[in-house]
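Shown here: run.cif, mmCIF, N, CA and C atoms.
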data_my_file
loop_
_atom_site.label_atom_id
_atom_site.label_comp_id
_atom_site.auth_asym_id
_atom_site.auth_seq_id
_atom_site.Cartn_x
_atom_site.Cartn_y
_atom_site.Cartn_z
N MET H 1 45.41 308.08 129.58
CA MET H 1 44.31 307.14 129.75
C MET H 1 43.63 307.33 131.10
N ARG H 2 44.42 307.49 132.14
CA ARG H 2 43.87 307.67 133.49
C ARG H 2 43.02 308.93 133.57
N ARG H 3 43.52 310.01 132.95
CA ARG H 3 42.78 311.27 132.96
C ARG H 3 41.44 311.13 132.24
N ALA H 4 41.42 310.44 131.11
CA ALA H 4 40.19 310.22 130.35
C ALA H 4 39.18 309.42 131.18
N SER H 5 39.68 308.43 131.91
CA SER H 5 38.79 307.62 132.77
C SER H 5 38.18 308.47 133.87
N LEU H 6 38.98 309.33 134.47
CA LEU H 6 38.48 310.21 135.53
C LEU H 6 37.44 311.19 134.98
N LEU H 7 37.70 311.72 133.81
CA LEU H 7 36.74 312.64 133.19
C LEU H 7 35.43 311.94 132.88
N LEU H 8 35.51 310.69 132.40
CA LEU H 8 34.31 309.92 132.10
C LEU H 8 33.50 309.65 133.37
N LEU H 9 34.21 309.26 134.43
CA LEU H 9 33.52 309.02 135.72
C LEU H 9 32.87 310.29 136.24
N ALA H 10 33.55 311.42 136.14
CA ALA H 10 32.98 312.69 136.59
C ALA H 10 31.74 313.05 135.77
N ALA H 11 31.80 312.84 134.47
CA ALA H 11 30.65 313.14 133.60
C ALA H 11 29.45 312.27 133.97
N ILE H 12 29.70 311.01 134.25
CA ILE H 12 28.61 310.11 134.64
C ILE H 12 28.02 310.55 135.97
N ALA H 13 28.87 310.89 136.93
CA ALA H 13 28.40 311.29 138.25
C ALA H 13 27.54 312.55 138.19
N PHE H 14 27.97 313.53 137.39
CA PHE H 14 27.23 314.77 137.33
C PHE H 14 26.01 314.72 136.42
N SER H 15 25.94 313.77 135.52
CA SER H 15 24.80 313.68 134.61
C SER H 15 23.55 313.22 135.32
N GLY H 16 23.69 312.51 136.44
CA GLY H 16 22.52 312.04 137.18
C GLY H 16 21.65 313.17 137.67
N GLY H 17 22.24 314.32 138.01
CA GLY H 17 21.47 315.45 138.50
C GLY H 17 20.69 316.13 137.40
N ALA H 18 21.06 315.91 136.17
CA ALA H 18 20.40 316.59 135.06
C ALA H 18 19.15 315.85 134.60
N ALA H 19 18.97 314.63 135.04
CA ALA H 19 17.81 313.85 134.62
C ALA H 19 16.53 314.42 135.23
N ALA H 20 15.45 314.33 134.49
CA ALA H 20 14.17 314.83 134.98
C ALA H 20 13.65 313.91 136.08
N ALA H 21 12.98 314.51 137.04
CA ALA H 21 12.40 313.72 138.12
C ALA H 21 11.24 312.89 137.59
N GLU H 22 11.07 311.71 138.15
CA GLU H 22 9.95 310.85 137.79
C GLU H 22 8.90 310.95 138.88
N PHE H 23 7.68 311.24 138.48
CA PHE H 23 6.57 311.34 139.43
C PHE H 23 5.52 310.31 139.10
N GLN H 24 4.91 309.76 140.14
CA GLN H 24 3.78 308.85 140.03
C GLN H 24 2.79 309.24 141.11
N SER H 25 1.75 308.42 141.28
CA SER H 25 0.78 308.65 142.34
C SER H 25 0.35 307.31 142.92
N ALA H 26 -0.30 307.39 144.06
CA ALA H 26 -0.81 306.18 144.69
C ALA H 26 -2.10 305.76 144.00
N SER H 27 -2.22 304.47 143.67
CA SER H 27 -3.43 303.97 143.00
C SER H 27 -4.53 303.67 144.01
N GLU H 28 -4.16 303.64 145.26
CA GLU H 28 -5.07 303.35 146.37
C GLU H 28 -4.44 303.92 147.63
N ALA H 29 -5.17 303.98 148.73
CA ALA H 29 -4.55 304.36 150.00
C ALA H 29 -3.45 303.34 150.27
N ALA H 30 -2.28 303.82 150.67
CA ALA H 30 -1.14 302.92 150.80
C ALA H 30 -0.29 303.28 152.01
N VAL H 31 0.27 302.25 152.63
CA VAL H 31 1.17 302.43 153.76
C VAL H 31 2.57 302.75 153.24
N LEU H 32 3.21 303.73 153.86
CA LEU H 32 4.61 304.02 153.57
C LEU H 32 5.45 303.44 154.70
N TYR H 33 6.56 302.81 154.32
CA TYR H 33 7.43 302.12 155.28
C TYR H 33 8.81 302.76 155.32
N ASP H 34 9.57 302.44 156.39
CA ASP H 34 10.93 302.97 156.49
C ASP H 34 11.97 302.10 155.78
N ALA H 35 11.54 300.97 155.23
CA ALA H 35 12.42 300.08 154.48
C ALA H 35 11.55 299.29 153.48
N PRO H 36 12.15 298.69 152.47
CA PRO H 36 11.37 297.98 151.44
C PRO H 36 10.90 296.58 151.88
N SER H 37 10.00 296.55 152.86
CA SER H 37 9.46 295.28 153.35
C SER H 37 8.19 295.55 154.15
N VAL H 38 7.21 294.65 154.04
CA VAL H 38 5.99 294.81 154.84
C VAL H 38 6.28 294.55 156.31
N ARG H 39 7.44 293.98 156.61
CA ARG H 39 7.85 293.77 158.01
C ARG H 39 8.58 294.98 158.58
N ALA H 40 8.85 295.97 157.73
CA ALA H 40 9.52 297.20 158.18
C ALA H 40 8.54 298.05 158.99
N LYS H 41 9.05 299.11 159.58
CA LYS H 41 8.22 300.00 160.40
C LYS H 41 7.29 300.83 159.50
N PRO H 42 5.97 300.73 159.70
CA PRO H 42 5.05 301.59 158.93
C PRO H 42 5.17 303.03 159.43
N LEU H 43 5.27 303.97 158.51
CA LEU H 43 5.41 305.37 158.89
C LEU H 43 4.07 306.10 158.91
N PHE H 44 3.33 306.01 157.81
CA PHE H 44 2.00 306.60 157.71
C PHE H 44 1.32 306.13 156.44
N VAL H 45 0.09 306.54 156.25
CA VAL H 45 -0.70 306.14 155.09
C VAL H 45 -0.90 307.37 154.20
N ILE H 46 -0.74 307.17 152.89
CA ILE H 46 -1.07 308.24 151.95
C ILE H 46 -2.36 307.87 151.23
N GLY H 47 -3.10 308.88 150.83
CA GLY H 47 -4.37 308.66 150.15
C GLY H 47 -4.22 308.37 148.67
N ARG H 48 -5.28 307.83 148.10
CA ARG H 48 -5.32 307.55 146.66
C ARG H 48 -5.05 308.84 145.89
N ASP H 49 -4.31 308.73 144.80
CA ASP H 49 -3.95 309.82 143.89
C ASP H 49 -2.91 310.78 144.45
N THR H 50 -2.37 310.53 145.64
CA THR H 50 -1.33 311.40 146.19
C THR H 50 -0.07 311.29 145.33
N PRO H 51 0.45 312.43 144.86
CA PRO H 51 1.65 312.38 144.02
C PRO H 51 2.91 312.19 144.87
N PHE H 52 3.93 311.58 144.24
CA PHE H 52 5.23 311.45 144.88
C PHE H 52 6.31 311.35 143.82
N GLU H 53 7.53 311.67 144.22
CA GLU H 53 8.68 311.56 143.34
C GLU H 53 9.34 310.21 143.57
N VAL H 54 9.64 309.50 142.51
CA VAL H 54 10.31 308.21 142.61
C VAL H 54 11.82 308.45 142.66
N ILE H 55 12.45 307.91 143.70
CA ILE H 55 13.90 308.03 143.84
C ILE H 55 14.58 306.81 143.21
N VAL H 56 14.09 305.61 143.57
CA VAL H 56 14.67 304.38 143.04
C VAL H 56 13.67 303.23 143.21
N GLY H 57 13.76 302.25 142.35
CA GLY H 57 12.92 301.06 142.45
C GLY H 57 13.77 299.84 142.78
N VAL H 58 13.24 299.00 143.70
CA VAL H 58 13.95 297.79 144.11
C VAL H 58 12.95 296.67 144.31
N GLU H 59 12.99 295.65 143.47
CA GLU H 59 12.22 294.42 143.63
C GLU H 59 10.81 294.61 144.20
N GLY H 60 9.95 295.25 143.47
CA GLY H 60 8.56 295.41 143.89
C GLY H 60 8.32 296.57 144.84
N TRP H 61 9.33 297.38 145.09
CA TRP H 61 9.22 298.53 145.98
C TRP H 61 9.77 299.78 145.31
N LEU H 62 9.23 300.94 145.71
CA LEU H 62 9.76 302.21 145.25
C LEU H 62 10.15 303.05 146.46
N LYS H 63 11.34 303.62 146.41
CA LYS H 63 11.74 304.61 147.41
C LYS H 63 11.26 305.94 146.87
N ILE H 64 10.48 306.66 147.67
CA ILE H 64 9.82 307.87 147.18
C ILE H 64 10.06 309.06 148.10
N ARG H 65 9.75 310.25 147.56
CA ARG H 65 9.77 311.49 148.34
C ARG H 65 8.40 312.14 148.14
N ASP H 66 7.75 312.51 149.24
CA ASP H 66 6.43 313.15 149.10
C ASP H 66 6.58 314.67 149.06
N ALA H 67 5.47 315.37 148.95
CA ALA H 67 5.48 316.83 148.82
C ALA H 67 6.10 317.51 150.03
N GLY H 68 6.05 316.87 151.19
CA GLY H 68 6.64 317.44 152.40
C GLY H 68 8.12 317.14 152.54
N GLY H 69 8.68 316.34 151.63
CA GLY H 69 10.08 316.01 151.69
C GLY H 69 10.40 314.70 152.39
N THR H 70 9.37 314.02 152.91
CA THR H 70 9.58 312.75 153.59
C THR H 70 9.99 311.68 152.59
N VAL H 71 11.02 310.91 152.94
CA VAL H 71 11.48 309.80 152.11
C VAL H 71 11.01 308.51 152.76
N ALA H 72 10.39 307.64 151.97
CA ALA H 72 9.84 306.39 152.49
C ALA H 72 9.76 305.37 151.36
N TRP H 73 9.27 304.18 151.69
CA TRP H 73 9.11 303.10 150.71
C TRP H 73 7.65 302.75 150.55
N ILE H 74 7.24 302.46 149.30
CA ILE H 74 5.87 302.07 149.00
C ILE H 74 5.92 300.83 148.10
N GLU H 75 4.96 299.93 148.28
CA GLU H 75 4.90 298.77 147.40
C GLU H 75 4.51 299.23 146.00
N ARG H 76 5.23 298.73 145.01
CA ARG H 76 4.97 299.13 143.62
C ARG H 76 3.53 298.84 143.20
N LYS H 77 2.95 297.76 143.73
CA LYS H 77 1.57 297.40 143.35
C LYS H 77 0.56 298.45 143.79
N SER H 78 0.93 299.36 144.68
CA SER H 78 0.03 300.41 145.15
C SER H 78 0.23 301.72 144.41
N THR H 79 0.96 301.68 143.30
CA THR H 79 1.26 302.91 142.57
C THR H 79 0.62 302.93 141.19
N SER H 80 0.58 304.11 140.62
CA SER H 80 -0.02 304.31 139.31
C SER H 80 0.84 305.28 138.51
N GLU H 81 0.82 305.12 137.20
CA GLU H 81 1.52 306.06 136.31
C GLU H 81 0.74 307.37 136.18
N ARG H 82 -0.49 307.39 136.66
CA ARG H 82 -1.33 308.59 136.57
C ARG H 82 -0.63 309.76 137.25
N ARG H 83 -0.58 310.88 136.57
CA ARG H 83 0.11 312.06 137.08
C ARG H 83 -0.87 312.97 137.78
N THR H 84 -0.55 313.27 139.02
CA THR H 84 -1.34 314.21 139.81
C THR H 84 -0.41 315.25 140.41
N LEU H 85 -0.99 316.36 140.80
CA LEU H 85 -0.26 317.46 141.43
C LEU H 85 -0.98 317.80 142.73
N ILE H 86 -0.27 318.40 143.66
CA ILE H 86 -0.89 318.82 144.91
C ILE H 86 -0.66 320.32 145.08
N VAL H 87 -1.70 321.04 145.48
CA VAL H 87 -1.61 322.48 145.66
C VAL H 87 -0.76 322.77 146.90
N ARG H 88 0.25 323.62 146.75
CA ARG H 88 1.18 323.93 147.84
C ARG H 88 1.00 325.33 148.42
N VAL H 89 0.12 326.13 147.88
CA VAL H 89 -0.13 327.48 148.38
C VAL H 89 -1.51 327.49 149.04
N PRO H 90 -1.81 328.50 149.87
CA PRO H 90 -3.12 328.52 150.53
C PRO H 90 -4.30 328.40 149.56
N VAL H 91 -4.25 329.12 148.44
CA VAL H 91 -5.30 329.02 147.41
C VAL H 91 -4.66 329.26 146.05
N ALA H 92 -4.90 328.33 145.12
CA ALA H 92 -4.39 328.46 143.75
C ALA H 92 -5.57 328.76 142.83
N ASP H 93 -5.39 329.76 141.97
CA ASP H 93 -6.40 330.07 140.97
C ASP H 93 -6.19 329.17 139.76
N VAL H 94 -7.26 328.50 139.34
CA VAL H 94 -7.23 327.70 138.12
C VAL H 94 -8.04 328.50 137.10
N VAL H 95 -7.38 328.88 136.00
CA VAL H 95 -7.97 329.79 135.03
C VAL H 95 -8.25 329.09 133.70
N ALA H 96 -9.02 329.74 132.85
CA ALA H 96 -9.49 329.15 131.59
C ALA H 96 -8.42 329.03 130.52
N ALA H 97 -7.35 329.81 130.62
CA ALA H 97 -6.27 329.79 129.63
C ALA H 97 -4.96 330.06 130.36
N PRO H 98 -3.84 329.70 129.76
CA PRO H 98 -2.56 329.92 130.42
C PRO H 98 -2.12 331.38 130.38
N ASP H 99 -2.88 332.20 131.07
CA ASP H 99 -2.66 333.64 131.10
C ASP H 99 -3.19 334.17 132.42
N ALA H 100 -2.42 335.01 133.08
CA ALA H 100 -2.82 335.55 134.38
C ALA H 100 -4.13 336.33 134.32
N ASN H 101 -4.47 336.86 133.15
CA ASN H 101 -5.70 337.64 133.00
C ASN H 101 -6.89 336.82 132.52
N ALA H 102 -6.72 335.51 132.36
CA ALA H 102 -7.81 334.65 131.89
C ALA H 102 -8.89 334.53 132.97
N PRO H 103 -10.12 334.24 132.56
CA PRO H 103 -11.21 334.09 133.53
C PRO H 103 -10.94 332.94 134.51
N LEU H 104 -11.35 333.14 135.74
CA LEU H 104 -11.19 332.14 136.78
C LEU H 104 -12.18 331.00 136.55
N VAL H 105 -11.71 329.74 136.60
CA VAL H 105 -12.56 328.56 136.48
C VAL H 105 -12.95 328.08 137.88
N PHE H 106 -11.94 327.93 138.75
CA PHE H 106 -12.19 327.58 140.15
C PHE H 106 -10.95 327.86 140.98
N LYS H 107 -11.12 327.84 142.30
CA LYS H 107 -10.01 328.00 143.23
C LYS H 107 -9.77 326.65 143.89
N ALA H 108 -8.51 326.29 144.05
CA ALA H 108 -8.14 325.03 144.70
C ALA H 108 -7.35 325.37 145.97
N GLU H 109 -7.81 324.83 147.08
CA GLU H 109 -7.15 325.11 148.35
C GLU H 109 -5.92 324.23 148.54
N GLN H 110 -5.08 324.62 149.49
CA GLN H 110 -3.86 323.89 149.79
C GLN H 110 -4.15 322.42 150.05
N ASN H 111 -3.29 321.55 149.53
CA ASN H 111 -3.35 320.09 149.65
C ASN H 111 -4.41 319.42 148.79
N VAL H 112 -5.12 320.18 147.96
CA VAL H 112 -6.07 319.57 147.02
C VAL H 112 -5.25 318.91 145.92
N VAL H 113 -5.67 317.70 145.54
CA VAL H 113 -4.99 316.96 144.48
C VAL H 113 -5.70 317.25 143.15
N LEU H 114 -4.90 317.58 142.13
CA LEU H 114 -5.40 317.85 140.79
C LEU H 114 -4.74 316.88 139.82
N GLU H 115 -5.48 316.42 138.84
CA GLU H 115 -4.90 315.55 137.82
C GLU H 115 -4.19 316.40 136.77
N LEU H 116 -2.99 315.99 136.38
CA LEU H 116 -2.26 316.65 135.31
C LEU H 116 -2.83 316.13 134.00
N VAL H 117 -3.49 316.98 133.24
CA VAL H 117 -4.20 316.55 132.03
C VAL H 117 -3.24 316.22 130.90
N ASP H 118 -2.25 317.05 130.68
CA ASP H 118 -1.35 316.87 129.55
C ASP H 118 0.08 317.18 129.97
N PRO H 119 0.85 316.15 130.39
CA PRO H 119 2.23 316.39 130.84
C PRO H 119 3.09 317.10 129.81
N ALA H 120 2.87 316.87 128.53
CA ALA H 120 3.67 317.52 127.49
C ALA H 120 3.38 319.01 127.43
N TYR H 121 2.19 319.42 127.85
CA TYR H 121 1.80 320.82 127.78
C TYR H 121 2.69 321.69 128.66
N VAL H 122 3.16 321.14 129.77
CA VAL H 122 3.99 321.91 130.70
C VAL H 122 5.23 322.44 130.00
N SER H 123 5.87 321.63 129.19
CA SER H 123 7.07 322.08 128.49
C SER H 123 6.74 323.02 127.33
N ASN H 124 5.53 322.93 126.80
CA ASN H 124 5.13 323.80 125.69
C ASN H 124 4.69 325.19 126.14
N THR H 125 4.22 325.30 127.36
CA THR H 125 3.78 326.58 127.90
C THR H 125 4.43 326.78 129.27
N PRO H 126 5.65 327.29 129.28
CA PRO H 126 6.39 327.45 130.54
C PRO H 126 5.58 328.22 131.58
N GLY H 127 5.59 327.69 132.79
CA GLY H 127 4.92 328.37 133.89
C GLY H 127 3.51 327.90 134.18
N TRP H 128 2.93 327.08 133.29
CA TRP H 128 1.54 326.65 133.45
C TRP H 128 1.39 325.14 133.29
N ALA H 129 0.40 324.59 133.97
CA ALA H 129 0.06 323.17 133.81
C ALA H 129 -1.45 323.07 133.62
N LYS H 130 -1.88 322.24 132.68
CA LYS H 130 -3.30 322.00 132.47
C LYS H 130 -3.73 320.91 133.45
N VAL H 131 -4.77 321.22 134.25
CA VAL H 131 -5.20 320.31 135.31
C VAL H 131 -6.71 320.08 135.28
N ARG H 132 -7.11 319.01 135.98
CA ARG H 132 -8.54 318.69 136.11
C ARG H 132 -8.81 318.38 137.58
N HIS H 133 -9.87 318.96 138.09
CA HIS H 133 -10.33 318.65 139.44
C HIS H 133 -11.15 317.37 139.36
N ARG H 134 -11.27 316.64 140.45
CA ARG H 134 -12.01 315.38 140.41
C ARG H 134 -13.49 315.57 140.09
N ASP H 135 -14.01 316.79 140.22
CA ASP H 135 -15.40 317.04 139.84
C ASP H 135 -15.55 317.31 138.34
N GLY H 136 -14.41 317.30 137.60
CA GLY H 136 -14.46 317.45 136.15
C GLY H 136 -14.03 318.80 135.62
N GLN H 137 -13.99 319.82 136.47
CA GLN H 137 -13.58 321.14 136.00
C GLN H 137 -12.12 321.12 135.58
N GLN H 138 -11.81 321.80 134.45
CA GLN H 138 -10.45 321.86 133.92
C GLN H 138 -9.99 323.29 133.77
N GLY H 139 -8.70 323.47 133.81
CA GLY H 139 -8.13 324.79 133.61
C GLY H 139 -6.62 324.74 133.74
N TYR H 140 -6.03 325.89 133.91
CA TYR H 140 -4.58 326.02 133.97
C TYR H 140 -4.18 326.63 135.31
N VAL H 141 -3.13 326.06 135.90
CA VAL H 141 -2.62 326.54 137.17
C VAL H 141 -1.14 326.88 137.00
N ARG H 142 -0.69 327.87 137.72
CA ARG H 142 0.73 328.22 137.69
C ARG H 142 1.52 327.09 138.34
N ILE H 143 2.58 326.65 137.70
CA ILE H 143 3.34 325.53 138.24
C ILE H 143 4.02 325.88 139.56
N ALA H 144 4.22 327.16 139.84
CA ALA H 144 4.81 327.56 141.11
C ALA H 144 3.86 327.31 142.28
N GLN H 145 2.58 327.07 142.00
CA GLN H 145 1.58 326.88 143.04
C GLN H 145 1.29 325.41 143.34
N VAL H 146 1.92 324.49 142.61
CA VAL H 146 1.66 323.06 142.78
C VAL H 146 2.97 322.30 142.92
N TRP H 147 2.87 321.07 143.43
CA TRP H 147 4.03 320.19 143.55
C TRP H 147 3.72 318.90 142.80
N GLY H 148 4.74 318.36 142.12
CA GLY H 148 4.56 317.10 141.41
C GLY H 148 5.05 317.14 139.98
N LEU H 149 5.78 318.18 139.63
CA LEU H 149 6.33 318.32 138.27
C LEU H 149 7.84 318.21 138.29
#
Step by step, read the file and then write its structure as structure tokens.
Amino acid sequence: MRRASLLLLAAIAFSGGAAAAEFQSASEAAVLYDAPSVRAKPLFVIGRDTPFEVIVGVEGWLKIRDAGGTVAWIERKSTSERRTLIVRVPVADVVAAPDANAPLVFKAEQNVVLELVDPAYVSNTPGWAKVRHRDGQQGYVRIAQVWGL
């Protein structure tokens, strides 16, 4: 019985790493804090649509990780389920189809935020994400060139 309990606890502990990361974005410019309280130390402000990974939620607050690896707290009311990605390479080519030889639609510079058009598409076409620039242009970007998936 003791051995079965230990195996169950080990399985539970290791299963947490297998879960997919949850990503959201800021619905407005928002202050990030070092603790889940408006009385905590403000660290910096993130812009609207900035993507982040959700680590845990606590009573109206989310503990998050940004593209640079910074861990901080944001008020849940300042977040959105809208999925965005941020370009992590100096210049990412956004092409017309999920193929390296497809025609170029536009180039996105480092730190440009792109909307993820179809989250399910990423799993259907490994290596590519369908994105939209805020000016309306759409295309496909290599997932290795963006952060937020």
query: Which residues match the PyMOL selection byres (((chain H and resi 128-142 and name CA) around 7) and name CA) in the file above, as a list in words?
result: Asp93, Val94, Val95, Ala96, Ala97, Pro98, Val105, Leu114, Glu115, Leu116, Val117, Asp118, Tyr121, Val122, Thr125, Pro126, Gly127, Ile143, Ala144 and Gln145 of chain H
query: Mind pulling up the distance from atom C of Val112 in chain H to CA of Ala100 in chain H?
result: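 Taking CA of Ala100 in chain H as the start and atom C of Val112 in chain H as the end point, the length is 20.4 Å.
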message: Nearest residue to Asp66 in chain H out of H:Phe44, H:Phe52, H:Tyr33, H:Trp147, using all atoms listed in the file?
response: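 Looking only at the distances to Asp66 in chain H, the closest residue turns out to be H:Phe52.
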- request: Might you pull out every residue within 10 Å of Val38 in chain H, with only C-alpha atoms counted and same-chain residues fewer than 5 positions away left off, and present them as a PyMOL selection string?
  value: chain H and resi 31-33+73-75
Residues picked by the PyMOL selection byres (((chain H and resi 62 and name CA) around 7) and name CA) here, as an mmCIF file with N, CA and C atoms, keeping the file's coordinate frame?
data_model
loop_
_atom_site.group_PDB
_atom_site.id
_atom_site.type_symbol
_atom_site.label_atom_id
_atom_site.label_comp_id
_atom_site.auth_asym_id
_atom_site.auth_seq_id
_atom_site.Cartn_x
_atom_site.Cartn_y
_atom_site.Cartn_z
ATOM 1 N N VAL H 54 9.640 309.500 142.510
ATOM 2 C CA VAL H 54 10.310 308.210 142.610
ATOM 3 C C VAL H 54 11.820 308.450 142.660
ATOM 4 N N VAL H 56 14.090 305.610 143.570
ATOM 5 C CA VAL H 56 14.670 304.380 143.040
ATOM 6 C C VAL H 56 13.670 303.230 143.210
ATOM 7 N N GLY H 57 13.760 302.250 142.350
ATOM 8 C CA GLY H 57 12.920 301.060 142.450
ATOM 9 C C GLY H 57 13.770 299.840 142.780
ATOM 10 N N VAL H 58 13.240 299.000 143.700
ATOM 11 C CA VAL H 58 13.950 297.790 144.110
ATOM 12 C C VAL H 58 12.950 296.670 144.310
ATOM 13 N N TRP H 61 9.330 297.380 145.090
ATOM 14 C CA TRP H 61 9.220 298.530 145.980
ATOM 15 C C TRP H 61 9.770 299.780 145.310
ATOM 16 N N LYS H 63 11.340 303.620 146.410
ATOM 17 C CA LYS H 63 11.740 304.610 147.410
ATOM 18 C C LYS H 63 11.260 305.940 146.870
ATOM 19 N N ILE H 64 10.480 306.660 147.670
ATOM 20 C CA ILE H 64 9.820 307.870 147.180
ATOM 21 C C ILE H 64 10.060 309.060 148.100
ATOM 22 N N TRP H 73 9.270 304.180 151.690
ATOM 23 C CA TRP H 73 9.110 303.100 150.710
ATOM 24 C C TRP H 73 7.650 302.750 150.550
ATOM 25 N N ILE H 74 7.240 302.460 149.300
ATOM 26 C CA ILE H 74 5.870 302.070 149.000
ATOM 27 C C ILE H 74 5.920 300.830 148.100
ATOM 28 N N GLU H 75 4.960 299.930 148.280
ATOM 29 C CA GLU H 75 4.900 298.770 147.400
ATOM 30 C C GLU H 75 4.510 299.230 146.000
ATOM 31 N N ARG H 76 5.230 298.730 145.010
ATOM 32 C CA ARG H 76 4.970 299.130 143.620
ATOM 33 C C ARG H 76 3.530 298.840 143.200
#
task: Check the DSSP output for the backbone and give back, as a PyMOL selection string, the residues of chain H in helix (DSSP H, G or I).
output: chain H and resi 2-18+76-78+119-124+143-145
Limited to N, CA and C atoms, could you put the picked residues into a file as a CSV table (one decimal), keeping the file's coordinate frame?
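The resulting file, result_22.csv, is shown below:
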chain,number,residue,atom,x,y,z
H,2,ARG,N,44.4,307.5,132.1
H,2,ARG,CA,43.9,307.7,133.5
H,2,ARG,C,43.0,308.9,133.6
H,3,ARG,N,43.5,310.0,133.0
H,3,ARG,CA,42.8,311.3,133.0
H,3,ARG,C,41.4,311.1,132.2
H,4,ALA,N,41.4,310.4,131.1
H,4,ALA,CA,40.2,310.2,130.4
H,4,ALA,C,39.2,309.4,131.2
H,5,SER,N,39.7,308.4,131.9
H,5,SER,CA,38.8,307.6,132.8
H,5,SER,C,38.2,308.5,133.9
H,6,LEU,N,39.0,309.3,134.5
H,6,LEU,CA,38.5,310.2,135.5
H,6,LEU,C,37.4,311.2,135.0
H,7,LEU,N,37.7,311.7,133.8
H,7,LEU,CA,36.7,312.6,133.2
H,7,LEU,C,35.4,311.9,132.9
H,8,LEU,N,35.5,310.7,132.4
H,8,LEU,CA,34.3,309.9,132.1
H,8,LEU,C,33.5,309.6,133.4
H,9,LEU,N,34.2,309.3,134.4
H,9,LEU,CA,33.5,309.0,135.7
H,9,LEU,C,32.9,310.3,136.2
H,10,ALA,N,33.6,311.4,136.1
H,10,ALA,CA,33.0,312.7,136.6
H,10,ALA,C,31.7,313.0,135.8
H,11,ALA,N,31.8,312.8,134.5
H,11,ALA,CA,30.6,313.1,133.6
H,11,ALA,C,29.4,312.3,134.0
H,12,ILE,N,29.7,311.0,134.2
H,12,ILE,CA,28.6,310.1,134.6
H,12,ILE,C,28.0,310.6,136.0
H,13,ALA,N,28.9,310.9,136.9
H,13,ALA,CA,28.4,311.3,138.2
H,13,ALA,C,27.5,312.6,138.2
H,14,PHE,N,28.0,313.5,137.4
H,14,PHE,CA,27.2,314.8,137.3
H,14,PHE,C,26.0,314.7,136.4
H,15,SER,N,25.9,313.8,135.5
H,15,SER,CA,24.8,313.7,134.6
H,15,SER,C,23.6,313.2,135.3
H,16,GLY,N,23.7,312.5,136.4
H,16,GLY,CA,22.5,312.0,137.2
H,16,GLY,C,21.6,313.2,137.7
H,17,GLY,N,22.2,314.3,138.0
H,17,GLY,CA,21.5,315.4,138.5
H,17,GLY,C,20.7,316.1,137.4
H,18,ALA,N,21.1,315.9,136.2
H,18,ALA,CA,20.4,316.6,135.1
H,18,ALA,C,19.2,315.8,134.6
H,76,ARG,N,5.2,298.7,145.0
H,76,ARG,CA,5.0,299.1,143.6
H,76,ARG,C,3.5,298.8,143.2
H,77,LYS,N,3.0,297.8,143.7
H,77,LYS,CA,1.6,297.4,143.4
H,77,LYS,C,0.6,298.4,143.8
H,78,SER,N,0.9,299.4,144.7
H,78,SER,CA,0.0,300.4,145.2
H,78,SER,C,0.2,301.7,144.4
H,119,PRO,N,0.8,316.2,130.4
H,119,PRO,CA,2.2,316.4,130.8
H,119,PRO,C,3.1,317.1,129.8
H,120,ALA,N,2.9,316.9,128.5
H,120,ALA,CA,3.7,317.5,127.5
H,120,ALA,C,3.4,319.0,127.4
H,121,TYR,N,2.2,319.4,127.8
H,121,TYR,CA,1.8,320.8,127.8
H,121,TYR,C,2.7,321.7,128.7
H,122,VAL,N,3.2,321.1,129.8
H,122,VAL,CA,4.0,321.9,130.7
H,122,VAL,C,5.2,322.4,130.0
H,123,SER,N,5.9,321.6,129.2
H,123,SER,CA,7.1,322.1,128.5
H,123,SER,C,6.7,323.0,127.3
H,124,ASN,N,5.5,322.9,126.8
H,124,ASN,CA,5.1,323.8,125.7
H,124,ASN,C,4.7,325.2,126.1
H,143,ILE,N,2.6,326.6,137.7
H,143,ILE,CA,3.3,325.5,138.2
H,143,ILE,C,4.0,325.9,139.6
H,144,ALA,N,4.2,327.2,139.8
H,144,ALA,CA,4.8,327.6,141.1
H,144,ALA,C,3.9,327.3,142.3
H,145,GLN,N,2.6,327.1,142.0
H,145,GLN,CA,1.6,326.9,143.0
H,145,GLN,C,1.3,325.4,143.3
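Distance-wise, CA of Ala29 in chain H and CA of Ala67 in chain H end up 16.0 Å apart.
Residue nearest Pro119 in chain H within the list H:Thr70, H:Glu22, H:Glu53, H:Pro103: H:Glu22 [criterion: smallest interatomic distance, only C-alpha atoms].
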- request: Would you work out the distance separating atom C of Pro90 in chain H from atom N of Glu109 in chain H, expressed in Å to one decimal?
  value: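 Computing it gives 5.6 Å between the two atoms.
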field: DSSP strand (DSSP E) residues within range 9-134 of chain H, listed as a count of residues only
entry: 58
- request: Enumerate, as JSON, numbers by chain, the residues matched when the PyMOL selection byres (((chain H and resi 25 and name CA) around 6) and name CA) is run on the file above.
  value: {"H": [24, 26, 49, 50, 51, 52, 79, 80]}
Quick one: axis-aligned box around all listed atoms of range 90-95 of chain H, 3 Å on every side, centre and edge lengths in Å to one decimal, written as AutoDock Vina command-line options.
--center_x -5.0 --center_y 328.9 --center_z 142.1 --size_x 12.4 --size_y 8.4 --size_z 22.8
